[in-house]
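Enquirer: Sharing coords_15.txt below, compact mmCIF, C-alpha atoms:
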# COMPACT_ATOMS: atom_id res chain seq x y z
CA MET H 1 111.94 -82.48 -24.61
CA ASN H 2 115.01 -80.23 -24.72
CA PRO H 3 113.96 -76.56 -24.39
CA TYR H 4 117.21 -75.48 -26.06
CA ILE H 5 116.03 -77.19 -29.27
CA PRO H 6 113.12 -75.04 -30.48
CA THR H 7 110.72 -76.81 -32.81
CA LYS H 8 110.04 -73.54 -34.65
CA THR H 9 111.25 -69.96 -34.69
CA PRO H 10 110.76 -68.57 -31.17
CA ARG H 11 108.47 -65.64 -30.46
CA TYR H 12 111.03 -64.31 -27.99
CA VAL H 13 114.54 -65.02 -26.76
CA ILE H 14 115.99 -64.07 -23.40
CA ILE H 15 119.37 -62.45 -24.00
CA ASP H 16 122.08 -60.73 -21.97
CA TYR H 17 121.32 -57.04 -21.45
CA LYS H 18 124.86 -56.31 -22.74
CA ALA H 19 124.19 -57.80 -26.19
CA SER H 20 125.22 -55.47 -29.02
CA ASP H 21 122.70 -53.62 -31.20
CA GLU H 22 123.92 -55.70 -34.14
CA ILE H 23 122.89 -58.94 -32.44
CA ILE H 24 119.58 -57.49 -31.24
CA ASN H 25 118.76 -56.23 -34.73
CA TYR H 26 119.66 -59.62 -36.24
CA LEU H 27 117.10 -61.30 -34.00
CA LYS H 28 114.45 -58.70 -34.80
CA LYS H 29 114.94 -59.29 -38.53
CA LEU H 30 113.98 -62.92 -37.83
CA ASN H 31 110.80 -61.63 -36.15
CA ILE H 32 112.15 -62.72 -32.78
CA GLU H 33 111.59 -60.22 -29.98
CA PRO H 34 114.58 -60.03 -27.60
CA ILE H 35 113.87 -59.92 -23.88
CA LYS H 36 116.89 -58.40 -22.18
CA THR H 37 118.00 -59.77 -18.85
CA ILE H 38 118.17 -57.72 -15.69
CA LYS H 39 121.54 -57.30 -14.03
CA CYS H 40 121.97 -59.76 -11.16
CA GLU H 41 123.86 -57.69 -8.62
CA ASP H 42 125.01 -60.80 -6.74
CA LEU H 43 127.04 -62.22 -9.63
CA GLN H 44 130.42 -61.17 -10.95
CA GLU H 45 130.21 -58.35 -13.48
CA PRO H 46 131.20 -60.31 -16.64
CA VAL H 47 128.32 -62.78 -16.14
CA ASP H 48 125.78 -60.64 -14.26
CA GLY H 49 123.48 -60.57 -17.29
CA HIS H 50 123.92 -64.14 -18.51
CA PRO H 51 120.50 -65.85 -18.77
CA ASP H 52 121.89 -69.31 -18.09
CA MET H 53 123.28 -68.23 -14.73
CA VAL H 54 119.87 -67.35 -13.31
CA ILE H 55 117.26 -69.21 -15.42
CA HIS H 56 116.79 -72.83 -16.39
CA PRO H 57 113.93 -73.82 -18.73
CA VAL H 58 112.65 -77.20 -17.59
CA ASP H 59 110.63 -77.37 -20.81
CA TYR H 60 109.07 -74.86 -23.21
CA LYS H 61 106.61 -73.53 -20.61
CA ASN H 62 108.18 -73.95 -17.15
CA PHE H 63 111.24 -71.92 -16.15
CA VAL H 64 113.04 -72.15 -12.80
CA VAL H 65 114.53 -68.80 -11.80
CA ALA H 66 116.99 -67.83 -9.07
CA PRO H 67 115.36 -65.95 -6.16
CA ASN H 68 117.76 -63.05 -6.79
CA VAL H 69 115.86 -62.03 -9.94
CA TYR H 70 112.61 -63.95 -9.61
CA ASP H 71 110.29 -60.94 -9.31
CA TYR H 72 111.59 -59.38 -12.54
CA TYR H 73 111.16 -62.53 -14.64
CA ARG H 74 107.77 -63.35 -13.15
CA LYS H 75 106.54 -59.95 -14.32
CA VAL H 76 108.20 -60.19 -17.72
CA LEU H 77 107.45 -63.82 -18.63
CA THR H 78 104.08 -64.70 -17.10
CA ASP H 79 102.05 -62.90 -19.78
CA LYS H 80 104.06 -64.74 -22.44
CA GLY H 81 102.72 -68.11 -21.35
CA ILE H 82 105.63 -69.07 -19.11
CA LYS H 83 105.19 -70.47 -15.62
CA VAL H 84 107.98 -68.93 -13.56
CA ILE H 85 109.06 -71.12 -10.63
CA LYS H 86 111.21 -69.71 -7.84
CA GLY H 87 114.36 -71.74 -7.29
CA GLY H 88 115.62 -72.64 -3.85
CA LYS H 89 119.20 -71.42 -4.14
CA THR H 90 119.98 -67.71 -3.85
CA LEU H 91 123.08 -67.09 -5.92
CA CYS H 92 126.23 -65.53 -4.51
CA ARG H 93 129.25 -64.03 -6.20
CA ASN H 94 131.90 -66.73 -6.06
CA TYR H 95 132.12 -70.30 -7.37
CA PRO H 96 130.47 -72.68 -6.57
CA GLU H 97 127.76 -70.45 -5.08
CA ASP H 98 126.89 -69.10 -8.56
CA ILE H 99 126.34 -72.32 -10.55
CA ALA H 100 123.06 -73.79 -9.24
CA TYR H 101 121.05 -73.16 -12.43
CA ASN H 102 123.81 -73.48 -15.04
CA VAL H 103 122.71 -76.95 -16.18
CA ALA H 104 123.33 -78.23 -19.72
CA ARG H 105 120.66 -80.20 -21.56
CA ILE H 106 121.39 -82.88 -24.15
CA GLY H 107 118.46 -84.99 -25.29
CA SER H 108 116.81 -86.37 -22.15
CA TYR H 109 119.89 -85.68 -20.03
CA ALA H 110 120.82 -82.84 -17.67
CA VAL H 111 124.57 -82.35 -17.34
CA HIS H 112 125.89 -80.64 -14.22
CA ASN H 113 127.97 -80.86 -11.09
CA THR H 114 125.10 -82.40 -9.17
CA LYS H 115 126.65 -81.50 -5.81
CA HIS H 116 125.58 -77.93 -6.52
CA THR H 117 122.39 -78.23 -8.60
CA ASP H 118 119.48 -76.25 -7.19
CA GLN H 119 117.16 -78.72 -5.47
CA VAL H 120 113.96 -77.15 -6.81
CA LEU H 121 115.33 -77.37 -10.35
CA LYS H 122 116.48 -80.94 -9.75
CA TYR H 123 113.00 -81.91 -8.56
CA TYR H 124 111.26 -80.49 -11.65
CA LEU H 125 113.76 -82.02 -14.04
CA GLU H 126 113.47 -85.46 -12.49
CA GLU H 127 109.66 -85.15 -12.48
CA ALA H 128 109.94 -84.46 -16.23
CA GLY H 129 111.89 -87.69 -16.72
CA VAL H 130 115.27 -86.02 -17.21
CA GLU H 131 118.29 -88.07 -16.13
CA PHE H 132 121.29 -86.34 -14.56
CA ILE H 133 124.85 -86.86 -15.72
CA HIS H 134 127.34 -85.72 -13.07
CA VAL H 135 130.42 -83.79 -14.21
CA ASN H 136 132.88 -81.72 -12.22
CA GLN H 137 132.33 -78.63 -14.37
CA GLY H 138 129.84 -76.35 -12.63
CA TYR H 139 129.40 -74.05 -15.62
CA SER H 140 128.11 -76.91 -17.73
CA LYS H 141 125.54 -74.91 -19.74
CA CYS H 142 128.10 -72.18 -20.43
CA SER H 143 130.36 -74.95 -21.67
CA THR H 144 127.88 -76.92 -23.79
CA ALA H 145 125.45 -76.38 -26.67
CA SER H 146 122.96 -78.85 -28.15
CA ILE H 147 122.77 -79.16 -31.92
CA SER H 148 120.25 -82.00 -31.93
CA GLU H 149 118.93 -84.56 -29.46
CA ASN H 150 122.18 -86.52 -29.85
CA LYS H 151 124.78 -83.96 -30.95
CA ALA H 152 126.54 -81.33 -28.90
CA LEU H 153 129.46 -78.94 -28.73
CA THR H 154 131.47 -78.39 -25.58
CA SER H 155 134.46 -76.36 -24.43
CA ASP H 156 135.14 -78.74 -21.55
CA PHE H 157 137.20 -81.80 -22.40
CA LEU H 158 135.89 -83.89 -19.50
CA ILE H 159 132.29 -83.13 -20.51
CA HIS H 160 133.28 -84.16 -24.03
CA GLU H 161 134.55 -87.52 -22.78
CA LYS H 162 131.55 -88.09 -20.49
CA LEU H 163 129.01 -87.36 -23.26
CA LYS H 164 130.80 -89.71 -25.64
CA SER H 165 130.51 -92.45 -23.00
CA TYR H 166 126.73 -91.93 -23.24
CA ASN H 167 126.90 -92.39 -27.05
CA ILE H 168 126.33 -88.67 -27.67
CA ASP H 169 128.11 -87.33 -30.72
CA CYS H 170 130.17 -84.51 -29.25
CA MET H 171 132.71 -82.06 -30.67
CA TYR H 172 135.27 -80.28 -28.49
CA ILE H 173 135.80 -76.57 -29.19
CA ASN H 174 138.80 -74.71 -27.76
CA PRO H 175 137.29 -71.99 -25.51
CA GLU H 176 140.10 -69.56 -26.36
CA ILE H 177 138.24 -68.53 -29.52
CA VAL H 178 135.41 -67.04 -27.41
CA TYR H 179 135.54 -63.49 -26.04
CA LEU H 180 134.28 -62.68 -22.54
CA LYS H 181 135.35 -59.37 -21.04
CA GLY H 182 137.01 -59.80 -17.66
CA TYR H 183 138.12 -63.39 -18.29
CA ASP H 184 140.74 -65.07 -20.45
CA HIS H 185 137.93 -66.48 -22.58
CA GLY H 186 134.29 -67.53 -22.58
CA PHE H 187 132.69 -70.87 -23.47
CA ILE H 188 131.03 -72.21 -26.60
CA GLY H 189 127.66 -72.91 -24.97
CA GLY H 190 127.24 -69.29 -24.00
CA CYS H 191 127.60 -68.00 -27.54
CA THR H 192 125.92 -70.59 -29.78
CA GLY H 193 122.65 -72.46 -30.01
CA LEU H 194 119.71 -73.42 -32.16
CA ILE H 195 117.51 -70.45 -33.04
CA ASN H 196 114.93 -72.57 -34.84
CA GLY H 197 114.56 -76.13 -36.03
CA ASN H 198 117.48 -76.01 -38.44
CA THR H 199 119.58 -72.87 -37.83
CA PHE H 200 122.50 -72.97 -35.41
CA LEU H 201 123.40 -69.42 -34.44
CA SER H 202 126.69 -67.97 -33.27
CA THR H 203 126.91 -64.54 -31.64
CA GLY H 204 129.80 -63.62 -33.94
CA LYS H 205 132.73 -64.75 -36.02
CA ILE H 206 135.18 -67.58 -35.42
CA TYR H 207 138.39 -66.41 -37.05
CA ASP H 208 140.30 -69.67 -36.75
CA LYS H 209 139.42 -71.62 -39.89
CA ASN H 210 140.87 -74.80 -38.39
CA ILE H 211 138.04 -74.65 -35.87
CA LEU H 212 135.33 -73.02 -37.99
CA ASN H 213 135.40 -75.38 -40.96
CA PRO H 214 135.10 -78.65 -38.95
CA LEU H 215 132.44 -76.95 -36.80
CA ILE H 216 130.33 -76.09 -39.85
CA LYS H 217 130.64 -79.68 -41.13
CA PHE H 218 129.58 -81.02 -37.73
CA ILE H 219 126.55 -78.73 -37.69
CA GLN H 220 125.66 -79.74 -41.24
CA SER H 221 125.80 -83.40 -40.19
CA ALA H 222 122.77 -82.60 -38.02
CA GLU H 223 121.02 -81.13 -41.09
CA CYS H 224 121.42 -77.61 -39.72
CA ILE H 225 122.95 -74.48 -41.16
CA TYR H 226 125.42 -72.19 -39.40
CA GLU H 227 124.71 -68.46 -39.10
CA GLU H 228 126.46 -65.54 -37.41
CA ALA H 229 124.51 -62.79 -35.65
CA SER H 230 127.27 -60.19 -35.82
CA SER H 231 130.47 -59.23 -37.61
CA GLN H 232 132.44 -59.15 -34.35
CA GLN H 233 134.37 -61.92 -32.57
CA ILE H 234 132.16 -64.62 -31.10
CA ILE H 235 131.18 -63.49 -27.59
CA ASP H 236 129.85 -65.37 -24.58
CA LEU H 237 126.43 -63.92 -23.67
CA GLY H 238 125.29 -66.82 -21.51
CA SER H 239 123.04 -68.84 -23.84
CA LEU H 240 119.98 -67.52 -25.63
CA ILE H 241 116.86 -68.97 -24.01
CA PRO H 242 114.08 -69.39 -26.62
CA ILE H 243 110.38 -68.94 -25.92
CA ILE H 244 108.33 -70.58 -28.67
Take the structure in this file and express it as structure tokens.
Expert:
Amino acid sequence: MNPYIPTKTPRYVIIDYKASDEIINYLKKLNIEPIKTIKCEDLQEPVDGHPDMVIHPVDYKNFVVAPNVYDYYRKVLTDKGIKVIKGGKTLCRNYPEDIAYNVARIGSYAVHNTKHTDQVLKYYLEEAGVEFIHVNQGYSKCSTASISENKALTSDFLIHEKLKSYNIDCMYINPEIVYLKGYDHGFIGGCTGLINGNTFLSTGKIYDKNILNPLIKFIQSAECIYEEASSQQIIDLGSLIPII
């Protein structure tokens, strides 16, 4: 069970507190209630509101959360049917002390630099039957988005090659198309993802048609449609986390 592949339209999504009104209103028109993140003071400013830096959904009902922000999410999520589990690793500002929960999920696999995976999260994932794939990229969820149980996008070429070796149909996307204030660029996993069973959502526009057109065809090959939540450039908001 991949929690980033919702089986139906979510009731809620956890989204970066910096998300634009246009994106928030788009979600509300789909009858999805946004839950804005709280700023994590211990992370660097460009990513201090990214959900995938501080939260990892083991499945649809069990979320592991960094101790830095645990109290906030326990209060916000418990009454929505989510069991909030405190992670073991307190995040700090600089790499690799900020990557413990940024784990990508593809099918029954968890993709991460396993030298730095939070041990509480690792325990719950392995208990759920999830197999780890080690990669050197610590920001593996930022870098990767699932389209189906066997299809993914990634902005990291080595992740692309590793997933292909596991017979996962993977498309590489140049990260330079993605905006993230404070950095040269963001990553494709932080700005795209399934918003229901057959709609793959981008936070904004991809202006390079040489990337957009093959991307749309790849998404359509998974029997999904491509939608944009805003009229602005695609922006890395750190992965929407659905709550169905």
Enquirer: For Tyr109 in chain H, which of H:Arg11, H:Lys89, H:His185, H:Lys162 is the closest residue, counting all atoms listed in the file?
Expert: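 For Tyr109 in chain H, the nearest of the candidates is H:Lys162.
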Enquirer: I'd like the interatomic distance between CA of Ala66 in chain H and CA of Val47 in chain H, to a tenth of an Å.
Expert: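 Answer for the CA of Ala66 in chain H to CA of Val47 in chain H separation: 14.3 Å.
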Enquirer: At a cut-off of 9 Å around the point (121.0, -76.8, -6.4) (file coordinates), what residues fall inside when counting all atoms listed in the file? I'd like the answer as a list in words.
Expert: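 All residues meeting the 9 Å criterion around (121.0, -76.8, -6.4) are Gly87, Gly88, Lys89, Ile99, Ala100, Tyr101, Thr114, Lys115, His116, Thr117, Asp118, Gln119, Val120, Leu121 and Lys122 of chain H.
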Enquirer: Those residues you just picked out, can you put them in a file as a short mmCIF file (atom, residue, chain, number, x, y, z; two decimals), in the frame of the given file with C-alpha atoms?
Expert:
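This went into part.cif:
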data_model
loop_
_atom_site.label_atom_id
_atom_site.label_comp_id
_atom_site.auth_asym_id
_atom_site.auth_seq_id
_atom_site.Cartn_x
_atom_site.Cartn_y
_atom_site.Cartn_z
CA GLY H 87 114.36 -71.74 -7.29
CA GLY H 88 115.62 -72.64 -3.85
CA LYS H 89 119.20 -71.42 -4.14
CA ILE H 99 126.34 -72.32 -10.55
CA ALA H 100 123.06 -73.79 -9.24
CA TYR H 101 121.05 -73.16 -12.43
CA THR H 114 125.10 -82.40 -9.17
CA LYS H 115 126.65 -81.50 -5.81
CA HIS H 116 125.58 -77.93 -6.52
CA THR H 117 122.39 -78.23 -8.60
CA ASP H 118 119.48 -76.25 -7.19
CA GLN H 119 117.16 -78.72 -5.47
CA VAL H 120 113.96 -77.15 -6.81
CA LEU H 121 115.33 -77.37 -10.35
CA LYS H 122 116.48 -80.94 -9.75
#
Enquirer: Would you mind telling me which residue in H:Cys170, H:Met53, H:Leu163, H:Ala222 lies nearest to Gly190 in chain H when using only C-alpha atoms?
Expert: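 Among H:Cys170, H:Met53, H:Leu163, H:Ala222, it is H:Met53 that comes nearest to Gly190 in chain H.
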Enquirer: I need the residue nearest Ile55 in chain H from this list: H:Arg93, H:Lys141, H:Lys164, H:Lys209. Use all atoms listed in the file for the distance.
Expert: H:Lys141
Enquirer: Filtering to N, CA and C atoms, could range 144-176 of chain H of the supplied structure be written out as a PDB file, in the first residue's frame?
Expert:
ATOM      1  N   THR H 144      11.286  12.419  -6.125  1.00  0.00           N
ATOM      2  CA  THR H 144      10.569  11.318  -6.764  1.00  0.00           C
ATOM      3  C   THR H 144       9.063  11.410  -6.522  1.00  0.00           C
ATOM      4  N   ALA H 145       8.288  11.096  -7.547  1.00  0.00           N
ATOM      5  CA  ALA H 145       6.828  11.046  -7.425  1.00  0.00           C
ATOM      6  C   ALA H 145       6.300   9.768  -8.051  1.00  0.00           C
ATOM      7  N   SER H 146       5.403   9.093  -7.342  1.00  0.00           N
ATOM      8  CA  SER H 146       4.738   7.906  -7.889  1.00  0.00           C
ATOM      9  C   SER H 146       3.585   8.326  -8.792  1.00  0.00           C
ATOM     10  N   ILE H 147       3.437   7.617  -9.899  1.00  0.00           N
ATOM     11  CA  ILE H 147       2.271   7.790 -10.760  1.00  0.00           C
ATOM     12  C   ILE H 147       1.347   6.585 -10.619  1.00  0.00           C
ATOM     13  N   SER H 148       1.944   5.423 -10.439  1.00  0.00           N
ATOM     14  CA  SER H 148       1.196   4.199 -10.187  1.00  0.00           C
ATOM     15  C   SER H 148       2.100   3.298  -9.358  1.00  0.00           C
ATOM     16  N   GLU H 149       1.679   2.071  -9.113  1.00  0.00           N
ATOM     17  CA  GLU H 149       2.497   1.165  -8.317  1.00  0.00           C
ATOM     18  C   GLU H 149       3.805   0.800  -9.013  1.00  0.00           C
ATOM     19  N   ASN H 150       3.894   1.057 -10.324  1.00  0.00           N
ATOM     20  CA  ASN H 150       5.109   0.672 -11.043  1.00  0.00           C
ATOM     21  C   ASN H 150       5.619   1.762 -11.979  1.00  0.00           C
ATOM     22  N   LYS H 151       5.148   2.992 -11.770  1.00  0.00           N
ATOM     23  CA  LYS H 151       5.607   4.117 -12.600  1.00  0.00           C
ATOM     24  C   LYS H 151       5.967   5.291 -11.705  1.00  0.00           C
ATOM     25  N   ALA H 152       7.051   5.981 -12.063  1.00  0.00           N
ATOM     26  CA  ALA H 152       7.500   7.090 -11.237  1.00  0.00           C
ATOM     27  C   ALA H 152       8.222   8.127 -12.076  1.00  0.00           C
ATOM     28  N   LEU H 153       8.256   9.343 -11.540  1.00  0.00           N
ATOM     29  CA  LEU H 153       9.089  10.420 -12.057  1.00  0.00           C
ATOM     30  C   LEU H 153      10.196  10.674 -11.047  1.00  0.00           C
ATOM     31  N   THR H 154      11.356  11.083 -11.535  1.00  0.00           N
ATOM     32  CA  THR H 154      12.406  11.501 -10.615  1.00  0.00           C
ATOM     33  C   THR H 154      13.285  12.569 -11.246  1.00  0.00           C
ATOM     34  N   SER H 155      13.809  13.445 -10.404  1.00  0.00           N
ATOM     35  CA  SER H 155      14.765  14.465 -10.832  1.00  0.00           C
ATOM     36  C   SER H 155      16.198  14.057 -10.516  1.00  0.00           C
ATOM     37  N   ASP H 156      16.390  12.848 -10.062  1.00  0.00           N
ATOM     38  CA  ASP H 156      17.720  12.362  -9.723  1.00  0.00           C
ATOM     39  C   ASP H 156      18.088  11.224 -10.666  1.00  0.00           C
ATOM     40  N   PHE H 157      19.157  11.406 -11.433  1.00  0.00           N
ATOM     41  CA  PHE H 157      19.478  10.423 -12.465  1.00  0.00           C
ATOM     42  C   PHE H 157      19.860   9.074 -11.869  1.00  0.00           C
ATOM     43  N   LEU H 158      20.544   9.078 -10.724  1.00  0.00           N
ATOM     44  CA  LEU H 158      20.936   7.802 -10.116  1.00  0.00           C
ATOM     45  C   LEU H 158      19.732   7.054  -9.552  1.00  0.00           C
ATOM     46  N   ILE H 159      18.742   7.788  -9.019  1.00  0.00           N
ATOM     47  CA  ILE H 159      17.488   7.139  -8.616  1.00  0.00           C
ATOM     48  C   ILE H 159      16.805   6.550  -9.839  1.00  0.00           C
ATOM     49  N   HIS H 160      16.813   7.299 -10.932  1.00  0.00           N
ATOM     50  CA  HIS H 160      16.224   6.821 -12.186  1.00  0.00           C
ATOM     51  C   HIS H 160      16.836   5.479 -12.588  1.00  0.00           C
ATOM     52  N   GLU H 161      18.154   5.396 -12.552  1.00  0.00           N
ATOM     53  CA  GLU H 161      18.824   4.160 -12.954  1.00  0.00           C
ATOM     54  C   GLU H 161      18.552   3.024 -11.969  1.00  0.00           C
ATOM     55  N   LYS H 162      18.526   3.342 -10.681  1.00  0.00           N
ATOM     56  CA  LYS H 162      18.272   2.307  -9.668  1.00  0.00           C
ATOM     57  C   LYS H 162      16.852   1.752  -9.808  1.00  0.00           C
ATOM     58  N   LEU H 163      15.859   2.622  -9.993  1.00  0.00           N
ATOM     59  CA  LEU H 163      14.478   2.156 -10.124  1.00  0.00           C
ATOM     60  C   LEU H 163      14.306   1.299 -11.370  1.00  0.00           C
ATOM     61  N   LYS H 164      14.950   1.679 -12.450  1.00  0.00           N
ATOM     62  CA  LYS H 164      14.871   0.868 -13.670  1.00  0.00           C
ATOM     63  C   LYS H 164      15.447  -0.525 -13.431  1.00  0.00           C
ATOM     64  N   SER H 165      16.488  -0.624 -12.594  1.00  0.00           N
ATOM     65  CA  SER H 165      17.074  -1.936 -12.308  1.00  0.00           C
ATOM     66  C   SER H 165      16.117  -2.817 -11.518  1.00  0.00           C
ATOM     67  N   TYR H 166      15.101  -2.194 -10.889  1.00  0.00           N
ATOM     68  CA  TYR H 166      14.052  -2.936 -10.180  1.00  0.00           C
ATOM     69  C   TYR H 166      12.799  -3.104 -11.058  1.00  0.00           C
ATOM     70  N   ASN H 167      12.949  -2.896 -12.363  1.00  0.00           N
ATOM     71  CA  ASN H 167      11.858  -3.031 -13.339  1.00  0.00           C
ATOM     72  C   ASN H 167      10.712  -2.058 -13.067  1.00  0.00           C
ATOM     73  N   ILE H 168      11.050  -0.887 -12.547  1.00  0.00           N
ATOM     74  CA  ILE H 168      10.074   0.194 -12.373  1.00  0.00           C
ATOM     75  C   ILE H 168      10.197   1.135 -13.556  1.00  0.00           C
ATOM     76  N   ASP H 169       9.082   1.428 -14.181  1.00  0.00           N
ATOM     77  CA  ASP H 169       9.055   2.324 -15.330  1.00  0.00           C
ATOM     78  C   ASP H 169       9.239   3.751 -14.825  1.00  0.00           C
ATOM     79  N   CYS H 170      10.369   4.347 -15.142  1.00  0.00           N
ATOM     80  CA  CYS H 170      10.741   5.624 -14.525  1.00  0.00           C
ATOM     81  C   CYS H 170      11.134   6.636 -15.598  1.00  0.00           C
ATOM     82  N   MET H 171      10.683   7.879 -15.413  1.00  0.00           N
ATOM     83  CA  MET H 171      11.019   8.968 -16.323  1.00  0.00           C
ATOM     84  C   MET H 171      11.837  10.014 -15.573  1.00  0.00           C
ATOM     85  N   TYR H 172      12.952  10.418 -16.165  1.00  0.00           N
ATOM     86  CA  TYR H 172      13.792  11.455 -15.575  1.00  0.00           C
ATOM     87  C   TYR H 172      13.283  12.828 -16.010  1.00  0.00           C
ATOM     88  N   ILE H 173      13.181  13.742 -15.045  1.00  0.00           N
ATOM     89  CA  ILE H 173      12.747  15.115 -15.299  1.00  0.00           C
ATOM     90  C   ILE H 173      13.835  16.065 -14.824  1.00  0.00           C
ATOM     91  N   ASN H 174      14.313  16.922 -15.710  1.00  0.00           N
ATOM     92  CA  ASN H 174      15.333  17.908 -15.354  1.00  0.00           C
ATOM     93  C   ASN H 174      14.808  18.808 -14.228  1.00  0.00           C
ATOM     94  N   PRO H 175      15.485  18.860 -13.083  1.00  0.00           N
ATOM     95  CA  PRO H 175      14.971  19.655 -11.959  1.00  0.00           C
ATOM     96  C   PRO H 175      14.986  21.158 -12.206  1.00  0.00           C
ATOM     97  N   GLU H 176      15.690  21.607 -13.233  1.00  0.00           N
ATOM     98  CA  GLU H 176      15.812  23.045 -13.475  1.00  0.00           C
ATOM     99  C   GLU H 176      14.483  23.698 -13.855  1.00  0.00           C
TER     100      GLU H 176
END
